Every structure is written in structure tokens, then in C-alpha cells.
Amino acid sequence: MAGGIKGDRQSRLRAATLIILVLGVVVAAYLVYVHFHPGALVCAEGSVINCSAVLTSSFSSILGVPLAVLALLWFAVAIALEYIKNNARKVWAVLGIAGFAYSIAAMSMLGKICVYCSTIDAILLIYIIVIFRRGDA
């Protein structure tokens, strides 16, 4: 019976993980859309909260590729890896840590916060914690 309970817990954790990742896809897809349609950005702007300043800064792309596109690809691959039972998820999560660190560093250097970027950061952090605690490699 204990195996059944553990299996149920694992199933719930996997479902929660997929929901988290789908939320990441939604936010990242919105940011990709905003990248190509800047007028579509909906974000309160103040002295610190300023999505536009973050999303149009020199930190918003790497080698000409918008970070939003990289985030969308990252989340899509993370979803695909949920269906493969191996350590690839943990390796992918480590790459997510790099993205998280880059985003936090960029916003810190700019002195501005993007609510959407911070949402992606939070989703990444939750995913990273879950993937390393889940224990199903």
C-alpha cells in the first residue's frame, strides 16, 4: 500500500510540475509576442517596476536572440523532458538556474523590475526546487 501512496504523490507532483511548466510557456509566449509587438505590453510602469525598460535593454537578448524566445524554448523542452525518465531533467534544470541568475543580475544592474520576467524567474525557481526534490530523476 505504501508504494501506491508514493505513486499517487509522484503522479500529483508530475501533474503540478506540468502545470508550472505550462504557466512558464504562457508567460514566455506573451513576452515573445510583446518582443515583436511592443505596443501589446501591459505593465504598470514606475521608478522601479518598468517592464518596458527591462524588455528593451541590452540584456534582453543574447547574440540577437530575445531571451523570451530562449525562455519559451526552455519551457517547451522541460515539458518534453517530463516524459523521459532520466537525469536530463536535472541537467536542464541547471541550465534554468543559469537563466534565473542572468535575469536577476540583469534586473539588478538595470535597477528595474519586469513583472513578467520575475514571474518566469519564480516559475523557474519552483521548477528547480520540485525537480530536485521529486526524486524520480
# chains A, B, ... in the order shown; residues from 1 in each chain; ligands from 1
>>> residues_around(residues="segment 96-106 of chain A", least_positions_apart="3", cutoff="8 Å", atoms="only C-alpha atoms", output="PyMOL selection string")
chain A and resi 59+74+92-93+109-110+117+121+124-125+128
>>> select_by_dssp(residues="chain A", states="alpha helix (DSSP H)", output="count of residues only")
98
>>> closest_residue(among="A:Tyr127, A:Tyr116, A:Tyr33, A:Phe132", to="Phe75 of chain A", atoms="only C-alpha atoms")
A:Tyr127
>>> closest_residue(among="A:Val48, A:Val130, A:Ala122, A:Val26", to="Val69 of chain A", atoms="only C-alpha atoms")
A:Val26
>>> residues_around(residues="Gly24 of chain A", least_positions_apart="2", cutoff="8 Å", atoms="only C-alpha atoms", output="list of chain:residue names")
A:Ile20, A:Leu21, A:Val22, A:Val26, A:Val27, A:Ala28, A:Leu72, A:Phe75, A:Ile120, A:Ile123, A:Leu124
>>> write_last_selection(atoms="N, CA and C atoms", output="compact mmCIF listing (two decimals), in the first residue's frame")
# COMPACT_ATOMS: atom_id res chain seq x y z
N ILE A 20 3.02 23.97 -13.78
CA ILE A 20 4.01 25.04 -13.60
C ILE A 20 4.70 25.35 -14.93
N LEU A 21 5.09 24.30 -15.64
CA LEU A 21 5.80 24.50 -16.91
C LEU A 21 4.89 25.12 -17.97
N VAL A 22 3.64 24.74 -18.00
CA VAL A 22 2.70 25.33 -18.96
C VAL A 22 2.52 26.82 -18.64
N VAL A 26 3.17 29.98 -21.17
CA VAL A 26 2.22 31.06 -21.42
C VAL A 26 2.88 32.43 -21.23
N VAL A 27 3.60 32.61 -20.13
CA VAL A 27 4.24 33.90 -19.86
C VAL A 27 5.34 34.17 -20.89
N ALA A 28 6.14 33.16 -21.17
CA ALA A 28 7.22 33.34 -22.16
C ALA A 28 6.64 33.63 -23.55
N LEU A 72 10.95 30.51 -23.83
CA LEU A 72 9.89 29.68 -24.42
C LEU A 72 10.43 28.32 -24.83
N PHE A 75 11.17 26.20 -21.64
CA PHE A 75 9.97 25.59 -21.05
C PHE A 75 9.42 24.46 -21.92
N ILE A 120 8.51 34.57 -14.59
CA ILE A 120 9.27 33.46 -15.18
C ILE A 120 10.35 32.99 -14.20
N ILE A 123 8.70 30.91 -11.54
CA ILE A 123 8.33 29.60 -12.09
C ILE A 123 9.56 28.72 -12.22
N LEU A 124 10.66 29.29 -12.71
CA LEU A 124 11.91 28.53 -12.82
C LEU A 124 12.37 28.04 -11.45
>>> atom_distance(atom1="atom CA of Gly46 of chain A", atom2="atom CA of Val32 of chain A")
22.5 Å
>>> atom_distance(atom1="atom CA of Ser108 of chain A", atom2="atom CA of Ile62 of chain A")
17.4 Å
